[in-house]
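Raw entry.txt, compact mmCIF, C-alpha atoms:
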```txt
# COMPACT_ATOMS: atom_id res chain seq x y z
CA MET A 1 87.27 38.32 -59.39
CA THR A 2 90.95 37.56 -58.76
CA VAL A 3 91.55 33.95 -57.78
CA TRP A 4 94.83 32.46 -56.65
CA GLN A 5 95.36 28.79 -57.42
CA VAL A 6 97.29 27.74 -54.33
CA PRO A 7 99.19 24.42 -54.28
CA ALA A 8 98.56 22.39 -51.13
CA ASP A 9 102.21 22.46 -50.07
CA LEU A 10 102.37 26.26 -50.43
CA LEU A 11 99.26 26.68 -48.29
CA ALA A 12 100.77 24.34 -45.70
CA ARG A 13 103.91 26.53 -45.58
CA SER A 14 102.01 29.82 -45.46
CA ARG A 15 102.16 31.91 -42.34
CA PHE A 16 101.09 35.12 -40.70
CA VAL A 17 103.74 37.88 -40.70
CA ILE A 18 104.00 41.24 -38.95
CA SER A 19 105.34 43.85 -41.37
CA PRO A 20 106.37 47.29 -40.06
CA LEU A 21 106.49 48.64 -43.61
CA THR A 22 102.99 47.39 -44.41
CA ASP A 23 101.65 49.11 -41.29
CA THR A 24 103.50 52.25 -42.39
CA VAL A 25 101.82 52.07 -45.81
CA ALA A 26 98.47 51.66 -44.05
CA ALA A 27 99.25 54.80 -42.03
CA LEU A 28 100.23 56.63 -45.22
CA LYS A 29 96.91 55.66 -46.81
CA ALA A 30 95.05 56.97 -43.76
CA LEU A 31 96.97 60.26 -43.85
CA HIS A 32 96.32 60.60 -47.58
CA ASP A 33 92.66 59.59 -47.66
CA PRO A 34 91.02 58.27 -44.48
CA ARG A 35 87.99 56.04 -45.08
CA ARG A 36 86.84 55.05 -41.57
CA PRO A 37 85.95 57.12 -38.48
CA TRP A 38 88.83 55.66 -36.45
CA GLN A 39 91.22 56.73 -39.21
CA HIS A 40 90.02 60.33 -38.95
CA ASP A 41 90.62 60.26 -35.18
CA TRP A 42 94.10 58.75 -35.58
CA ARG A 43 95.00 61.10 -38.44
CA ARG A 44 94.07 64.35 -36.72
CA PRO A 45 97.17 64.85 -34.50
CA HIS A 46 99.53 63.93 -37.36
CA LEU A 47 97.95 65.90 -40.19
CA ALA A 48 99.55 69.33 -39.70
CA ALA A 49 103.09 67.93 -39.63
CA PHE A 50 102.33 65.70 -42.60
CA GLN A 51 101.01 68.58 -44.68
CA ALA A 52 103.96 70.76 -43.68
CA MET A 53 106.34 68.04 -44.85
CA LEU A 54 104.55 67.79 -48.20
CA ASP A 55 104.62 71.58 -48.63
CA THR A 56 108.42 71.53 -48.56
CA ARG A 57 108.80 68.44 -50.78
CA PRO A 58 107.00 68.91 -54.13
CA VAL A 59 108.35 65.65 -55.56
CA ILE A 60 106.99 63.65 -52.64
CA ARG A 61 103.64 65.45 -52.91
CA GLU A 62 103.32 64.45 -56.57
CA LEU A 63 104.59 60.94 -55.80
CA LEU A 64 101.91 60.50 -53.16
CA ALA A 65 99.17 61.75 -55.47
CA ALA A 66 100.23 59.29 -58.16
CA SER A 67 100.59 56.29 -55.84
CA PHE A 68 96.93 55.70 -55.04
CA ARG A 69 93.65 55.50 -56.83
CA PRO A 70 90.39 53.97 -55.61
CA ARG A 71 91.00 50.30 -54.77
CA TRP A 72 94.53 50.42 -56.18
CA ILE A 73 97.98 50.96 -54.70
CA ALA A 74 101.31 51.33 -56.51
CA ASP A 75 103.43 48.19 -56.55
CA TYR A 76 106.41 49.80 -54.80
CA LEU A 77 104.14 50.21 -51.75
CA SER A 78 102.89 46.63 -51.87
CA LEU A 79 106.04 44.51 -51.72
CA ALA A 80 105.74 41.23 -49.85
CA PRO A 81 107.79 41.07 -46.62
CA PRO A 82 111.26 39.71 -47.42
CA THR A 83 111.57 37.56 -44.27
CA ALA A 84 109.38 35.93 -41.63
CA GLU A 85 110.19 38.69 -39.09
CA PRO A 86 111.25 41.73 -41.10
CA THR A 87 112.48 44.99 -39.62
CA PHE A 88 111.43 48.31 -41.07
CA ALA A 89 114.98 48.91 -42.32
CA GLU A 90 115.04 45.57 -44.17
CA GLU A 91 111.73 46.29 -45.85
CA LEU A 92 112.66 49.87 -46.72
CA ALA A 93 115.83 48.57 -48.37
CA ALA A 94 113.66 46.62 -50.82
CA VAL A 95 111.96 49.88 -51.85
CA VAL A 96 115.32 51.65 -52.22
CA ALA A 97 116.56 48.78 -54.40
CA ARG A 98 113.91 49.50 -57.02
CA SER A 99 115.17 51.66 -59.84
CA ASP A 100 113.63 55.02 -60.68
CA GLU A 101 112.20 53.47 -63.84
CA GLN A 102 110.55 50.69 -61.84
CA ILE A 103 108.95 53.27 -59.56
CA ARG A 104 107.72 55.23 -62.58
CA ALA A 105 106.34 52.04 -64.15
CA ASP A 106 104.50 51.34 -60.89
CA LEU A 107 103.03 54.85 -60.95
CA ARG A 108 101.94 54.62 -64.59
CA GLU A 109 100.11 51.38 -63.86
CA THR A 110 98.38 53.00 -60.91
CA ARG A 111 97.57 56.33 -62.59
CA PRO A 112 97.47 55.88 -66.38
CA GLY A 113 98.58 58.95 -68.30
CA PRO A 114 101.60 61.25 -68.27
CA LEU A 115 103.46 61.70 -65.00
CA ALA A 116 104.15 65.11 -63.50
CA ASP A 117 107.47 66.53 -64.69
CA VAL A 118 109.01 66.40 -61.20
CA LEU A 119 108.55 62.60 -61.21
CA LEU A 120 110.77 62.22 -64.29
CA ALA A 121 113.97 63.32 -62.52
CA ASP A 122 116.57 60.99 -61.02
CA GLY A 123 116.32 59.91 -57.39
CA LEU A 124 112.65 58.89 -57.36
CA ALA A 125 113.28 55.68 -55.39
CA GLY A 126 115.05 57.75 -52.75
CA GLN A 127 112.07 60.10 -52.57
CA ALA A 128 109.75 57.12 -52.08
CA ALA A 129 111.96 55.85 -49.26
CA GLU A 130 112.03 59.31 -47.68
CA LEU A 131 108.22 59.46 -47.68
CA LEU A 132 107.89 56.05 -46.03
CA ASP A 133 110.65 56.79 -43.52
CA TRP A 134 108.94 60.06 -42.51
CA VAL A 135 105.61 58.31 -41.87
CA TRP A 136 107.35 55.53 -39.92
CA ARG A 137 109.34 57.92 -37.70
CA HIS A 138 106.58 60.45 -37.05
CA ALA A 139 103.33 58.47 -37.10
CA VAL A 140 104.03 54.77 -36.63
CA ARG A 141 107.21 54.11 -34.63
CA PRO A 142 106.06 56.10 -31.54
CA GLN A 143 103.00 53.82 -31.38
CA TRP A 144 104.71 50.65 -32.55
CA PRO A 145 104.66 48.74 -29.24
CA ASP A 146 100.85 49.08 -29.04
CA ARG A 147 100.44 48.41 -32.74
CA GLU A 148 102.64 45.33 -32.59
CA ARG A 149 100.73 43.96 -29.58
CA ARG A 150 97.47 44.36 -31.48
CA LEU A 151 98.90 42.67 -34.57
CA ARG A 152 100.27 39.76 -32.52
CA ALA A 153 96.95 39.37 -30.73
CA ASP A 154 95.19 39.10 -34.07
CA ILE A 155 97.62 36.43 -35.26
CA VAL A 156 97.18 34.41 -32.07
CA ALA A 157 93.41 34.51 -32.49
CA ARG A 158 93.55 33.41 -36.12
CA THR A 159 96.10 30.69 -35.43
CA ALA A 160 93.77 29.27 -32.79
CA ARG A 161 90.94 29.33 -35.31
CA LEU A 162 93.14 27.64 -37.90
CA SER A 163 93.68 24.70 -35.56
CA SER A 164 89.96 24.23 -35.02
CA GLN A 165 88.35 25.33 -38.30
CA GLY A 166 91.08 25.09 -40.94
CA TRP A 167 91.93 27.73 -43.51
CA ALA A 168 88.30 28.06 -44.64
CA GLY A 169 87.43 29.28 -41.15
CA VAL A 170 90.33 31.71 -41.12
CA PHE A 171 89.48 33.18 -44.52
CA ALA A 172 85.82 33.60 -43.59
CA ASP A 173 86.45 36.99 -41.98
CA LEU A 174 90.04 37.78 -42.93
CA ASN A 175 88.91 40.22 -45.59
CA HIS A 176 85.34 40.73 -46.76
CA LYS A 177 86.33 40.01 -50.39
CA MET A 178 88.32 36.86 -49.64
CA ARG A 179 86.72 33.45 -50.00
CA TRP A 180 88.06 29.91 -49.92
CA LEU A 181 86.43 28.40 -53.01
CA GLY A 182 87.78 24.88 -52.57
CA ASP A 183 90.00 22.83 -54.86
CA GLY A 184 92.99 25.03 -54.00
CA ARG A 185 91.30 28.24 -55.12
CA LEU A 186 91.44 31.38 -52.99
CA GLN A 187 89.45 34.43 -54.06
CA VAL A 188 91.42 37.50 -52.95
CA ASN A 189 89.26 40.30 -54.35
CA ASP A 190 86.38 40.94 -56.71
CA TYR A 191 88.36 42.52 -59.56
CA PRO A 192 87.76 40.93 -62.98
CA SER A 193 91.00 39.16 -63.90
CA PRO A 194 92.23 35.72 -64.96
CA PRO A 195 93.26 33.21 -62.26
CA ILE A 196 96.84 33.42 -60.99
CA ALA A 197 98.68 30.13 -60.47
CA LEU A 198 101.10 30.24 -57.53
CA ASP A 199 102.95 27.07 -58.59
CA SER A 200 106.32 28.85 -58.62
CA ALA A 201 105.76 30.81 -55.41
CA ALA A 202 108.13 30.07 -52.55
CA ARG A 203 106.22 31.97 -49.84
CA LEU A 204 102.63 32.91 -49.11
CA VAL A 205 101.96 35.26 -46.20
CA PHE A 206 99.01 36.93 -44.55
CA VAL A 207 99.76 40.33 -43.02
CA PRO A 208 97.52 42.13 -40.51
CA ALA A 209 97.65 45.92 -40.64
CA HIS A 210 95.85 48.95 -39.27
CA CYS A 211 93.94 49.54 -42.48
CA ALA A 212 90.34 50.02 -43.56
CA ARG A 213 90.61 47.37 -46.26
CA GLY A 214 93.36 45.04 -47.39
CA TRP A 215 95.43 44.66 -50.54
CA MET A 216 97.65 42.12 -52.27
CA VAL A 217 101.41 42.13 -51.81
CA ARG A 218 103.97 40.38 -53.99
CA ASP A 219 107.62 40.45 -54.95
CA HIS A 220 108.63 38.99 -58.31
CA ALA A 221 106.96 35.60 -58.85
CA THR A 222 108.21 34.02 -55.65
CA ARG A 223 106.53 35.86 -52.76
CA PHE A 224 102.80 36.50 -52.50
CA GLY A 225 100.65 37.73 -49.68
CA MET A 226 97.46 39.40 -48.56
CA VAL A 227 97.12 42.35 -46.21
CA TYR A 228 93.97 42.38 -44.10
CA PRO A 229 92.49 44.71 -41.42
CA VAL A 230 93.64 43.75 -37.94
CA SER A 231 90.86 43.05 -35.47
CA GLY A 232 90.31 45.49 -32.61
CA ILE A 233 91.71 48.48 -34.50
CA LEU A 234 92.36 51.39 -32.13
CA ALA A 235 89.63 50.27 -29.79
CA GLY A 236 87.44 53.07 -28.55
CA PRO A 237 85.40 53.39 -25.33
CA ALA A 238 85.27 50.44 -22.97
CA PRO A 239 82.52 47.97 -23.85
CA VAL A 240 79.67 47.69 -21.35
CA PRO A 241 79.61 44.37 -19.44
CA ALA A 242 76.53 42.17 -19.78
CA ALA A 243 73.79 42.91 -17.29
CA GLY A 244 74.60 41.44 -13.89
CA LEU A 245 78.09 40.27 -14.86
CA ASP A 246 79.80 42.65 -12.42
CA ARG A 247 77.63 41.40 -9.57
CA LEU A 248 78.45 37.80 -10.48
CA ILE A 249 82.24 37.98 -10.83
CA GLY A 250 83.10 41.49 -9.63
CA ALA A 251 83.39 44.78 -11.49
CA ASN A 252 87.10 44.53 -12.34
CA ARG A 253 86.92 40.94 -13.56
CA ALA A 254 83.83 41.84 -15.60
CA ALA A 255 85.73 44.74 -17.19
CA ILE A 256 88.66 42.45 -18.05
CA LEU A 257 86.49 39.66 -19.43
CA THR A 258 84.49 42.12 -21.53
CA ARG A 259 87.70 43.55 -23.02
CA LEU A 260 88.92 40.11 -24.09
CA ALA A 261 86.73 39.82 -27.19
CA THR A 262 90.14 40.01 -28.94
CA PRO A 263 93.38 38.70 -27.40
CA LEU A 264 95.23 41.17 -25.19
CA SER A 265 98.32 41.10 -23.01
CA THR A 266 98.46 41.87 -19.29
CA SER A 267 100.10 45.22 -19.99
CA HIS A 268 97.48 46.13 -22.59
CA LEU A 269 94.67 45.20 -20.19
CA ALA A 270 96.29 47.33 -17.50
CA ALA A 271 96.45 50.27 -19.91
CA VAL A 272 92.83 50.07 -21.05
CA THR A 273 91.28 49.27 -17.65
CA GLY A 274 93.43 51.55 -15.49
CA LEU A 275 94.20 48.68 -13.11
CA GLY A 276 97.68 47.82 -11.91
CA MET A 277 99.64 45.03 -13.57
CA GLY A 278 99.56 42.91 -10.44
CA THR A 279 95.83 43.39 -10.03
CA VAL A 280 95.19 42.44 -13.65
CA GLY A 281 97.38 39.36 -13.25
CA ASP A 282 95.47 38.25 -10.14
CA HIS A 283 92.11 38.65 -11.89
CA LEU A 284 93.35 36.80 -14.96
CA LYS A 285 94.43 33.86 -12.80
CA VAL A 286 90.92 33.62 -11.34
CA LEU A 287 89.36 33.82 -14.82
CA LEU A 288 91.79 31.16 -16.10
CA ASP A 289 91.00 28.84 -13.19
CA ALA A 290 87.30 29.30 -13.88
CA GLY A 291 87.75 28.37 -17.54
CA LEU A 292 86.55 31.76 -18.77
CA VAL A 293 89.77 32.76 -20.54
CA ALA A 294 92.65 30.98 -22.29
CA LYS A 295 96.22 32.12 -22.85
CA ARG A 296 99.08 31.64 -25.28
CA ARG A 297 102.58 33.08 -25.57
CA SER A 298 103.29 35.35 -28.56
CA GLY A 299 106.85 36.65 -28.79
CA ARG A 300 107.77 38.19 -25.43
CA GLU A 301 104.19 38.44 -24.17
CA VAL A 302 101.37 36.19 -23.07
CA LEU A 303 98.01 36.95 -24.66
CA TYR A 304 94.62 36.18 -23.12
CA TRP A 305 91.21 35.76 -24.75
CA ARG A 306 87.75 34.49 -23.88
CA THR A 307 86.90 30.82 -24.14
CA PRO A 308 83.47 29.81 -25.47
CA LEU A 309 82.30 29.74 -21.84
CA GLY A 310 83.66 33.25 -21.34
CA VAL A 311 81.88 34.42 -24.49
CA ALA A 312 78.59 32.96 -23.28
CA LEU A 313 78.98 34.74 -19.95
CA ALA A 314 80.25 38.10 -21.20
CA ASP A 315 78.25 38.37 -24.42
CA PRO A 316 75.16 36.12 -24.28
CA ASP A 317 73.81 37.46 -27.58
CA ALA A 318 76.91 36.24 -29.43
CA GLY A 319 76.33 32.62 -28.43
CA VAL A 320 78.90 30.02 -27.56
CA ALA A 321 79.58 29.19 -31.22
CA SER A 322 81.20 32.59 -31.83
CA GLY A 323 83.91 32.11 -29.21
CA MET A 324 87.50 31.15 -29.90
CA GLU A 325 88.48 27.59 -29.25
CA SER A 326 91.17 27.30 -26.62
```
So, in terms of structure tokens, how does the structure I just supplied come out?
Amino acid sequence: MTVWQVPADLLARSRFVISPLTDTVAALKALHDPRRPWQHDWRRPHLAAFQAMLDTRPVIRELLAASFRPRWIADYLSLAPPTAEPTFAEELAAVVARSDEQIRADLRETRPGPLADVLLADGLAGQAAELLDWVWRHAVRPQWPDRERRLRADIVARTARLSSQGWAGVFADLNHKMRWLGDGRLQVNDYPSPPIALDSAARLVFVPAHCARGWMVRDHATRFGMVYPVSGILAGPAPVPAAGLDRLIGANRAAILTRLATPLSTSHLAAVTGLGMGTVGDHLKVLLDAGLVAKRRSGREVLYWRTPLGVALADPDAGVASGMES
């Protein structure tokens, strides 16, 4: 297994970061090889245009084929975010800055053996940037407001857990291969490899993304991070309220409370319930006053989630212990 030896001061400075490029790489992985049912559903409307793009760009097609293998991703696609709040353009610039030889070295490490002839020509870094830019513009940017809300909601939930349970509680379900082993040791996957000391690292980040499974990100020896699946990915049909909940607090409030298993904004709740913004706001005020939900600002929005009391009411089988501390 791969274990990071994390100094206490580095862990104290670590933070959650939203990375548009990382979410774009997650979308690229889903277009290339979907692993989960929700990925198939998301992929379907984008697939024809994606395949048509590849048909006219043989270099990009070969680049894509060489960039992934089971449980492995080329390093040029797994660069740590350069800032605390990166833009897609800033992150793409880091890919462009890699030389063609660096890209080829990344590919050889991912897919041992000779590279296709078209990957030996000049301009490979530009082709990599073109691939990522296409996925961002066609498949990610049109959905970015919803994606970003979901990513922020995940971070709010985990930050609340951090304050009540510490990093061990956060890592418990961040990624199914991650474990806090104690004594500054963080297991990040189950690959056989020697421990990695992060003594010289300046930044450690944790990046939620719309992915089926996470991966490590790094840049030189100074920035390290871990990508993990965001909670509430592309939520499907509305969950069914607990028996009798609608009679107790009303059908609309029951629908809202049931949706708040993960933090959501007023606008998101309005979208998924079909209720007006004002109506949602009125119901949230009642639920807040009753102690069934809590709220916290994240960026430009206020996110709401169930308190332990709200969990006990909306999902009795889950038990109070599974709720988020407010």
As an MDAnalysis selection string, please: the residues near Leu284 in chain A (cut-off 12 Å, all atoms listed in the file, same-chain neighbours under 5 positions excluded). chainID A and resid 249 252:257 259:260 264:267 269:270 277:279 289:295 302:306
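With distances restricted to all atoms listed in the file, A:Ser78 is the closest residue to Asp219 in chain A from A:Ser298, A:Thr258, A:Thr2, A:Ser78.
You will find CA of Arg108 in chain A at 13.8 Å from CA of Leu77 in chain A.
Proximity to Leu21 in chain A was assessed for A:Pro37, A:Pro145, A:Pro82, A:Gly113 counting all atoms listed in the file; the smallest distance is recorded for A:Pro82.
Closest to Arg161 in chain A among A:Leu174, A:Pro70, A:Glu91, A:Cys211 is A:Leu174, based on all atoms listed in the file.
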Once you count all atoms listed in the file, what closest atom pair and distance in Å to one decimal does each residue of range 29-87 of chain A within 9 Å of range 92-105 of chain A have, with rows by chain and rising residue number, as CSV?
```
residue,atom,partner,partner_atom,distance
A:Ala74,CA,A:Ile103,CA,8.5
A:Asp75,CA,A:Ile103,CA,8.1
A:Tyr76,CA,A:Val95,CA,6.3
A:Leu77,CA,A:Val95,CA,7.8
A:Leu79,CA,A:Ala94,CA,8.0
A:Pro82,CA,A:Ala94,CA,8.1
A:Thr87,CA,A:Leu92,CA,8.6
```
Contacts of Leu31 in chain A within 12 Å, all atoms listed in the file, excl. fewer than 5 positions in-chain, as an MDAnalysis selection string: chainID A and resid 24:26 36 38:51 54 64:65 131:132 135 138:140 211
Give me the residues within 9 Å of Val205 in chain A as a ChimeraX atom specification, counting all atoms listed in the file and dropping any in the same chain fewer than 2 places off. /A:13-17,80-81,84,203,207,217,223-227
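Distances here use all atoms listed in the file; by that measure, the residue among A:Asp117, A:Asp315, A:Asp183, A:Asp23 closest to Leu151 in chain A is A:Asp23.
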Using only C-alpha atoms, list the residues that have an atom at most 10 Å from (100.9, 62.5, -57.4), coordinates as in the file, as number ranges by chain. A: 58-68, 107, 111, 115-116, 118-119
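Here the selection is built from all atoms listed in the file, and the residues within 10 Å of (90.0, 27.9, -38.0) turn out to be Ala157, Arg158, Thr159, Ala160, Arg161, Leu162, Ser163, Ser164, Gln165, Gly166, Trp167, Ala168, Gly169, Val170, Phe171, Ala172, Met324 and Glu325 of chain A.
Across the model, the gap from CA of Ser231 in chain A to CA of Arg147 in chain A is 11.3 Å.
Across the structure, CA of His176 in chain A and CA of Asp190 in chain A are spaced 10.0 Å apart.
Among the candidate residues A:Gln127, A:Trp180, A:Ala261, A:Ala197, the one lying nearest to Ala314 in chain A is A:Ala261, with distances computed using only C-alpha atoms.
Minimum atom-to-atom distances from A:Ala89, A:Ala129, A:Arg137, A:Pro112 to Arg69 in chain A were compared using all atoms listed in the file, and the lowest value belongs to A:Pro112.
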